[in-house]
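S.K.: The structure is given below, and queries will be raised subsequently.
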Amino acid sequence: MNPLSKETRILQSLLEKPREFVAGSVLAKELDITRVAIWTYMEKLRKEGFLFDAIRNRGYRLRKLPTQLSTAYLHAKLPQLAQKGGLHILDEVDSTNSEAERLIAQGVATPLVVLARRQTKGRGRLGRLWESGSEENFYGSFAFRPGLAPIRMQPFTLWMGLTVCRFLEEIGNLKPRLKWPNDIMFEGKKAGGILTEARVDSDVMRDLVLGLGLNVSHTPVLPNVDPYHYAPVSLAAVSGREISLNSFAVALIETLLEAYRVFHEDRFKEPFQRLWQRYDMLAGQMVEARSGSGKVFGRVKGLRPDGALLIEESGGKERALVSGEVSLTPS
Ligand code: BTN
């Protein structure tokens, strides 16, 4: 077990009593350090962007969280994961998916969560770049060792995408849609995407990394590359309110780790159907799709149990798309 840092333990004490002042002497006793040392750690937290109310003889109260990801805060809210070494928060990395893969190769325990404030080589699907220069957005990877047959894992990315949609709807004022297979959409604009990468060994999925990028408060400026390109948008812009990245990240991590457990224990099928009905963006729509085997035009008929998208071509022939990407066409 990794010990929690002093800053994390101070935050835990303040977060336990969010409306009250906690005396410096109480904190000092809890952590078994001097009041001067407490003051020094408070200064460090202030430099990270925390705001505190501090009143002589009464103590400290937490007023505001930093705008960028805070390691101390995430560890304070997710102590079990942090103590097991499963929570890595980096200032800058090439790609959180690559970092998660490196950690997995070193034998680090799973579930493993890697977050970064910035990525220098954020990867999107189909070899695209994921713009990752804003500290106001979420770049995270979730790594697991499922030990299941690859066929059993097929609906996993869709399930996690639907879970992200449910999470975004529940945090308020947001009406997300999932565009098969992995795009998080709002009124035809893209706010996030998922990139799943896996290693299969003799018919068992050994490890799997699910990377999630979400434009939380910053809308990236992207070149309009092709007809499959959807304009980006941020969650703050669609909800019309400020979103605290730190609280958002904690709730999202808890939700996705629970969704993995539900999937792994094979309890996802009934909620999957319900969430698919609610969030599927393509139901009954005319689409153009492209995959390794070429282009398909037609009307979306639904989803096969393995997660393949069913498209009916104009001649009535049904095609199943296992991977690829889709764009709406005028009906
Ligand atoms: C897509 O829509 O093409 C998928 C985008 C996935 C981006 C995320 S950001 C965190 C993780 N690290 C990466 O390099 N990519 C994923």
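Convention: chains lettered A, B, ... in structure tokens order; per-chain residue numbering from 1; ligands numbered from 1 as shown.
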Enumerate as number ranges by chain all residues of region 31-272 of chain A assigned to helix (DSSP H, G or I) by DSSP on the backbone, naming them with the chain letters and numbers the document uses.

M.R.: A: 31, 35-47, 71-77, 79-83, 96-105, 125-127, 150-153, 156-170, 235-239, 245-264, 269-272

S.K.: Within 8 Å of ligand 1, counting only C-alpha atoms and all ligand atoms, which protein or nucleic acid residues do you find, written as a VMD selection string?

M.R.: chain A and resid 94 to 98 115 119 121 to 126 128 to 130 132 138 to 141 182 to 183 192 to 195 210 to 214

S.K.: Residues at most 12 Å from Lys295 (chain A), counting only C-alpha atoms, excluding those fewer than 3 positions away in the same chain, as a JSON list (two decimals) with all heavy atoms, in the first residue's frame?

M.R.:
[["chain", "number", "residue", "atom", "x", "y", "z"],
["A", 287, "VAL", "N", -27.33, 6.63, -43.43],
["A", 287, "VAL", "CA", -25.92, 6.89, -43.15],
["A", 287, "VAL", "C", -25.02, 6.46, -44.30],
["A", 287, "VAL", "O", -25.42, 5.68, -45.17],
["A", 287, "VAL", "CB", -25.45, 6.12, -41.88],
["A", 287, "VAL", "CG1", -26.17, 6.58, -40.64],
["A", 287, "VAL", "CG2", -25.58, 4.61, -42.06],
["A", 288, "GLU", "N", -23.83, 7.03, -44.25],
["A", 288, "GLU", "CA", -22.75, 6.55, -45.10],
["A", 288, "GLU", "C", -21.71, 6.01, -44.11],
["A", 288, "GLU", "O", -21.38, 6.68, -43.15],
["A", 288, "GLU", "CB", -22.16, 7.73, -45.89],
["A", 288, "GLU", "CG", -20.95, 7.35, -46.68],
["A", 288, "GLU", "CD", -20.29, 8.57, -47.35],
["A", 288, "GLU", "OE1", -20.99, 9.51, -47.77],
["A", 288, "GLU", "OE2", -19.05, 8.55, -47.41],
["A", 289, "ALA", "N", -21.27, 4.78, -44.36],
["A", 289, "ALA", "CA", -20.31, 4.19, -43.42],
["A", 289, "ALA", "C", -19.09, 3.74, -44.19],
["A", 289, "ALA", "O", -19.20, 3.33, -45.34],
["A", 289, "ALA", "CB", -20.94, 3.01, -42.71],
["A", 290, "ARG", "N", -17.94, 3.83, -43.57],
["A", 290, "ARG", "CA", -16.76, 3.25, -44.21],
["A", 290, "ARG", "C", -16.01, 2.37, -43.22],
["A", 290, "ARG", "O", -15.92, 2.68, -42.04],
["A", 290, "ARG", "CB", -15.87, 4.32, -44.84],
["A", 290, "ARG", "CG", -15.14, 5.17, -43.86],
["A", 290, "ARG", "CD", -14.19, 6.11, -44.59],
["A", 290, "ARG", "NE", -13.69, 7.09, -43.65],
["A", 290, "ARG", "CZ", -13.07, 8.21, -43.98],
["A", 290, "ARG", "NH1", -12.88, 8.52, -45.24],
["A", 290, "ARG", "NH2", -12.64, 9.03, -43.04],
["A", 291, "SER", "N", -15.54, 1.27, -43.77],
["A", 291, "SER", "CA", -14.77, 0.33, -42.94],
["A", 291, "SER", "C", -13.68, -0.24, -43.84],
["A", 291, "SER", "O", -13.56, 0.16, -45.01],
["A", 291, "SER", "CB", -15.67, -0.78, -42.43],
["A", 291, "SER", "OG", -16.02, -1.62, -43.51],
["A", 292, "GLY", "N", -12.91, -1.18, -43.30],
["A", 292, "GLY", "CA", -11.84, -1.78, -44.08],
["A", 292, "GLY", "C", -12.34, -2.34, -45.41],
["A", 292, "GLY", "O", -11.64, -2.32, -46.42],
["A", 298, "GLY", "N", -26.96, 3.34, -46.47],
["A", 298, "GLY", "CA", -28.24, 2.71, -46.16],
["A", 298, "GLY", "C", -28.83, 3.24, -44.87],
["A", 298, "GLY", "O", -28.38, 4.25, -44.33],
["A", 311, "ILE", "N", -26.93, -2.26, -41.14],
["A", 311, "ILE", "CA", -27.35, -1.22, -42.10],
["A", 311, "ILE", "C", -28.07, -1.91, -43.26],
["A", 311, "ILE", "O", -27.54, -2.88, -43.83],
["A", 311, "ILE", "CB", -26.13, -0.44, -42.62],
["A", 311, "ILE", "CG1", -25.41, 0.25, -41.44],
["A", 311, "ILE", "CG2", -26.54, 0.59, -43.67],
["A", 311, "ILE", "CD1", -24.12, 0.94, -41.83],
["A", 313, "GLU", "N", -29.13, -1.72, -46.99],
["A", 313, "GLU", "CA", -28.84, -0.99, -48.23],
["A", 313, "GLU", "C", -30.13, -0.81, -49.03],
["A", 313, "GLU", "O", -31.12, -1.50, -48.79],
["A", 313, "GLU", "CB", -27.80, -1.77, -49.04],
["A", 313, "GLU", "CG", -26.43, -1.74, -48.38],
["A", 313, "GLU", "CD", -25.38, -2.55, -49.13],
["A", 313, "GLU", "OE1", -25.71, -3.63, -49.64],
["A", 313, "GLU", "OE2", -24.24, -2.09, -49.19],
["A", 319, "ARG", "N", -26.27, -5.27, -44.13],
["A", 319, "ARG", "CA", -24.82, -5.39, -43.92],
["A", 319, "ARG", "C", -24.53, -5.16, -42.44],
["A", 319, "ARG", "O", -25.19, -4.34, -41.80],
["A", 319, "ARG", "CB", -24.09, -4.31, -44.74],
["A", 319, "ARG", "CG", -24.35, -4.36, -46.23],
["A", 319, "ARG", "CD", -23.41, -5.33, -46.92],
["A", 319, "ARG", "NE", -22.02, -4.95, -46.74],
["A", 319, "ARG", "CZ", -21.33, -4.23, -47.64],
["A", 319, "ARG", "NH1", -21.90, -3.82, -48.76],
["A", 319, "ARG", "NH2", -20.06, -3.93, -47.42],
["A", 320, "ALA", "N", -23.55, -5.88, -41.92],
["A", 320, "ALA", "CA", -23.17, -5.70, -40.50],
["A", 320, "ALA", "C", -21.78, -5.08, -40.45],
["A", 320, "ALA", "O", -20.84, -5.62, -41.01],
["A", 320, "ALA", "CB", -23.17, -7.04, -39.79],
["A", 321, "LEU", "N", -21.69, -3.93, -39.80],
["A", 321, "LEU", "CA", -20.42, -3.22, -39.70],
["A", 321, "LEU", "C", -19.79, -3.54, -38.34],
["A", 321, "LEU", "O", -20.36, -3.23, -37.30],
["A", 321, "LEU", "CB", -20.71, -1.73, -39.79],
["A", 321, "LEU", "CG", -19.66, -0.83, -40.40],
["A", 321, "LEU", "CD1", -19.49, -1.16, -41.87],
["A", 321, "LEU", "CD2", -20.06, 0.63, -40.23],
["A", 323, "SER", "N", -16.48, -2.74, -37.54],
["A", 323, "SER", "CA", -15.69, -1.57, -37.13],
["A", 323, "SER", "C", -15.79, -0.55, -38.24],
["A", 323, "SER", "O", -16.32, -0.84, -39.31],
["A", 323, "SER", "CB", -14.24, -1.97, -36.90],
["A", 323, "SER", "OG", -13.68, -2.34, -38.15],
["A", 324, "GLY", "N", -15.28, 0.63, -38.01],
["A", 324, "GLY", "CA", -15.35, 1.67, -39.03],
["A", 324, "GLY", "C", -15.96, 2.93, -38.47],
["A", 324, "GLY", "O", -16.03, 3.10, -37.24],
["A", 325, "GLU", "N", -16.41, 3.80, -39.37],
["A", 325, "GLU", "CA", -17.05, 5.02, -38.88],
["A", 325, "GLU", "C", -18.20, 5.41, -39.77],
["A", 325, "GLU", "O", -18.29, 5.03, -40.93],
["A", 325, "GLU", "CB", -16.05, 6.14, -38.69],
["A", 325, "GLU", "CG", -15.33, 6.52, -39.93],
["A", 325, "GLU", "CD", -14.29, 7.61, -39.65],
["A", 325, "GLU", "OE1", -14.43, 8.31, -38.65],
["A", 325, "GLU", "OE2", -13.37, 7.73, -40.45],
["A", 326, "VAL", "N", -19.07, 6.21, -39.20],
["A", 326, "VAL", "CA", -20.37, 6.47, -39.83],
["A", 326, "VAL", "C", -20.64, 7.96, -39.84],
["A", 326, "VAL", "O", -20.28, 8.66, -38.90],
["A", 326, "VAL", "CB", -21.48, 5.76, -38.99],
["A", 326, "VAL", "CG1", -22.84, 6.02, -39.58],
["A", 326, "VAL", "CG2", -21.22, 4.27, -38.88],
["A", 327, "SER", "N", -21.25, 8.43, -40.93],
["A", 327, "SER", "CA", -21.74, 9.81, -40.87],
["A", 327, "SER", "C", -23.17, 9.84, -41.39],
["A", 327, "SER", "O", -23.55, 9.04, -42.25],
["A", 327, "SER", "CB", -20.81, 10.76, -41.64],
["A", 327, "SER", "OG", -21.16, 10.78, -42.98]]

S.K.: When you count only C-alpha atoms, which of these residues is closest to Leu103 (chain A): A:Asp207, A:Val221, A:Gly133, A:Thr196?

M.R.: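 Smallest distance to Leu103 (chain A) is found for A:Asp207.
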
S.K.: I need the strand (DSSP E) residues of region 153-331 of chain A per DSSP on the backbone, written as a ChimeraX atom specification.

M.R.: /A:177-179,183-186,189-201,204-214,286-291,294-303,309-312,318-321,325-328

S.K.: Could you check the closest approach to Gln80 (chain A) for each of A:Asn2, A:Gln154, A:Gln277, A:Ser244 and tell me which residue wins, using only C-alpha atoms?

M.R.: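 Comparing A:Asn2, A:Gln154, A:Gln277, A:Ser244 against Gln80 (chain A), the winner is A:Asn2.
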
S.K.: Please list as number ranges by chain every residue within 6 Å of Ala116 (chain A), counting only C-alpha atoms and excluding residues in the same chain fewer than 5 positions away.

M.R.: A: 89-92, 139

S.K.: Between CA of Leu256 (chain A) and CA of Ala105 (chain A), what is the distance, to one decimal in Å?

M.R.: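 If I compute the distance from CA of Leu256 (chain A) to CA of Ala105 (chain A), I get 22.2 Å.
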
S.K.: Name the closest residue to Leu168 (chain A) among the candidates A:Val216, A:Met286, A:Leu257, A:Val114; distances are taken between atoms, counting only C-alpha atoms.

M.R.: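 Checking each candidate against Leu168 (chain A), we get A:Val216 as the closest.
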
S.K.: Using Å and a single decimal, report how far CA of Ala283 (chain A) sits from CA of Trp159 (chain A).

M.R.: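 Computing the Euclidean distance for CA of Trp159 (chain A) and CA of Ala283 (chain A) yields 16.6 Å.
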
S.K.: If you count only C-alpha atoms, which residues fall within 8 Å of Leu309 (chain A), apart from same-chain ones fewer than 3 positions away, as a ChimeraX atom specification?

M.R.: /A:180,300-304,320-322

S.K.: Pick the closest to Gly172 (chain A) from A:Ser134, A:Glu242, A:Gln106, A:Pro232: which is it, counting only C-alpha atoms?

M.R.: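 Of all the options, A:Glu242 lies closest to Gly172 (chain A).
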
S.K.: Nearest to Phe50 (chain A) among A:Arg166, A:Lys189, A:His218, A:Lys64, with distances taken over only C-alpha atoms: which residue is it?

M.R.: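 For Phe50 (chain A), the nearest of the given residues is A:Lys64.
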
S.K.: Just give me the gap between CA of Glu169 (chain A) and CA of Glu197 (chain A) in Å, one decimal is fine.

M.R.: 26.3 Å

S.K.: Considering only C-alpha atoms, return as a PyMOL selection string whatever protein or nucleic-acid residues lie within 10 Å of Tyr73 (chain A), sequence-local ones (same chain, fewer than 5 positions apart) excluded.

M.R.: chain A and resi 7-12+15+45+50+65-66+78-79+246-247+250

S.K.: Selection from above, N, CA, C and O atoms, as a PDB file, in the first residue's frame, can you write it?

M.R.:
ATOM      1  N   GLU A   7      -0.402  16.487   1.962  1.00  0.00           N
ATOM      2  CA  GLU A   7      -1.388  17.387   1.339  1.00  0.00           C
ATOM      3  C   GLU A   7      -2.720  16.664   1.154  1.00  0.00           C
ATOM      4  O   GLU A   7      -3.791  17.220   1.402  1.00  0.00           O
ATOM      5  N   THR A   8      -2.633  15.399   0.717  1.00  0.00           N
ATOM      6  CA  THR A   8      -3.855  14.623   0.501  1.00  0.00           C
ATOM      7  C   THR A   8      -4.599  14.438   1.815  1.00  0.00           C
ATOM      8  O   THR A   8      -5.827  14.597   1.875  1.00  0.00           O
ATOM      9  N   ARG A   9      -3.856  14.154   2.881  1.00  0.00           N
ATOM     10  CA  ARG A   9      -4.526  13.915   4.175  1.00  0.00           C
ATOM     11  C   ARG A   9      -5.139  15.201   4.720  1.00  0.00           C
ATOM     12  O   ARG A   9      -6.208  15.177   5.334  1.00  0.00           O
ATOM     13  N   ILE A  10      -4.477  16.342   4.484  1.00  0.00           N
ATOM     14  CA  ILE A  10      -5.073  17.626   4.906  1.00  0.00           C
ATOM     15  C   ILE A  10      -6.386  17.835   4.146  1.00  0.00           C
ATOM     16  O   ILE A  10      -7.423  18.163   4.724  1.00  0.00           O
ATOM     17  N   LEU A  11      -6.347  17.591   2.835  1.00  0.00           N
ATOM     18  CA  LEU A  11      -7.567  17.779   2.039  1.00  0.00           C
ATOM     19  C   LEU A  11      -8.674  16.842   2.503  1.00  0.00           C
ATOM     20  O   LEU A  11      -9.835  17.238   2.600  1.00  0.00           O
ATOM     21  N   GLN A  12      -8.311  15.596   2.813  1.00  0.00           N
ATOM     22  CA  GLN A  12      -9.334  14.648   3.294  1.00  0.00           C
ATOM     23  C   GLN A  12     -10.024  15.198   4.540  1.00  0.00           C
ATOM     24  O   GLN A  12     -11.243  15.152   4.649  1.00  0.00           O
ATOM     25  N   LEU A  15     -12.265  18.079   3.511  1.00  0.00           N
ATOM     26  CA  LEU A  15     -13.406  17.630   2.701  1.00  0.00           C
ATOM     27  C   LEU A  15     -14.449  16.891   3.548  1.00  0.00           C
ATOM     28  O   LEU A  15     -15.630  16.873   3.203  1.00  0.00           O
ATOM     29  N   LEU A  45      -0.536  23.854  -1.354  1.00  0.00           N
ATOM     30  CA  LEU A  45      -1.849  23.628  -1.982  1.00  0.00           C
ATOM     31  C   LEU A  45      -2.366  24.916  -2.633  1.00  0.00           C
ATOM     32  O   LEU A  45      -2.930  24.882  -3.724  1.00  0.00           O
ATOM     33  N   PHE A  50      -5.641  25.817  -5.060  1.00  0.00           N
ATOM     34  CA  PHE A  50      -6.734  25.703  -4.071  1.00  0.00           C
ATOM     35  C   PHE A  50      -6.940  27.056  -3.397  1.00  0.00           C
ATOM     36  O   PHE A  50      -5.976  27.796  -3.171  1.00  0.00           O
ATOM     37  N   LEU A  65     -11.642  24.582  -5.668  1.00  0.00           N
ATOM     38  CA  LEU A  65     -10.660  23.623  -6.194  1.00  0.00           C
ATOM     39  C   LEU A  65      -9.906  24.259  -7.361  1.00  0.00           C
ATOM     40  O   LEU A  65     -10.435  25.154  -8.023  1.00  0.00           O
ATOM     41  N   PRO A  66      -8.711  23.764  -7.655  1.00  0.00           N
ATOM     42  CA  PRO A  66      -7.981  24.302  -8.819  1.00  0.00           C
ATOM     43  C   PRO A  66      -8.713  23.976 -10.120  1.00  0.00           C
ATOM     44  O   PRO A  66      -9.523  23.039 -10.152  1.00  0.00           O
ATOM     45  N   LEU A  78     -10.170   9.386  -3.930  1.00  0.00           N
ATOM     46  CA  LEU A  78     -10.113   7.978  -4.375  1.00  0.00           C
ATOM     47  C   LEU A  78      -8.951   7.282  -3.648  1.00  0.00           C
ATOM     48  O   LEU A  78      -8.020   6.761  -4.279  1.00  0.00           O
ATOM     49  N   PRO A  79      -8.989   7.285  -2.299  1.00  0.00           N
ATOM     50  CA  PRO A  79      -7.811   6.834  -1.549  1.00  0.00           C
ATOM     51  C   PRO A  79      -7.463   5.361  -1.774  1.00  0.00           C
ATOM     52  O   PRO A  79      -6.284   5.016  -1.804  1.00  0.00           O
ATOM     53  N   ASN A 246     -11.901  18.663 -11.471  1.00  0.00           N
ATOM     54  CA  ASN A 246     -11.504  17.707 -10.437  1.00  0.00           C
ATOM     55  C   ASN A 246     -12.684  16.868  -9.927  1.00  0.00           C
ATOM     56  O   ASN A 246     -12.588  15.651  -9.843  1.00  0.00           O
ATOM     57  N   SER A 247     -13.814  17.532  -9.605  1.00  0.00           N
ATOM     58  CA  SER A 247     -14.972  16.758  -9.124  1.00  0.00           C
ATOM     59  C   SER A 247     -15.505  15.883 -10.258  1.00  0.00           C
ATOM     60  O   SER A 247     -15.919  14.742 -10.033  1.00  0.00           O
ATOM     61  N   VAL A 250     -13.326  12.729 -10.639  1.00  0.00           N
ATOM     62  CA  VAL A 250     -13.543  11.737  -9.568  1.00  0.00           C
ATOM     63  C   VAL A 250     -14.822  10.943  -9.835  1.00  0.00           C
ATOM     64  O   VAL A 250     -14.828   9.699  -9.816  1.00  0.00           O
TER      65      VAL A 250
END

S.K.: Ranking A:Lys190, A:Lys6, A:Arg206, A:Arg117 by minimum distance to Gln68 (chain A) and counting only C-alpha atoms, which one comes first?

M.R.: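 For Gln68 (chain A), the nearest of the candidates is A:Arg117.
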
S.K.: As a ChimeraX atom specification, please: the residues near Leu87 (chain A) (cut-off 7 Å, only C-alpha atoms, same-chain neighbours under 5 positions excluded).

M.R.: /A:81-82,112-114
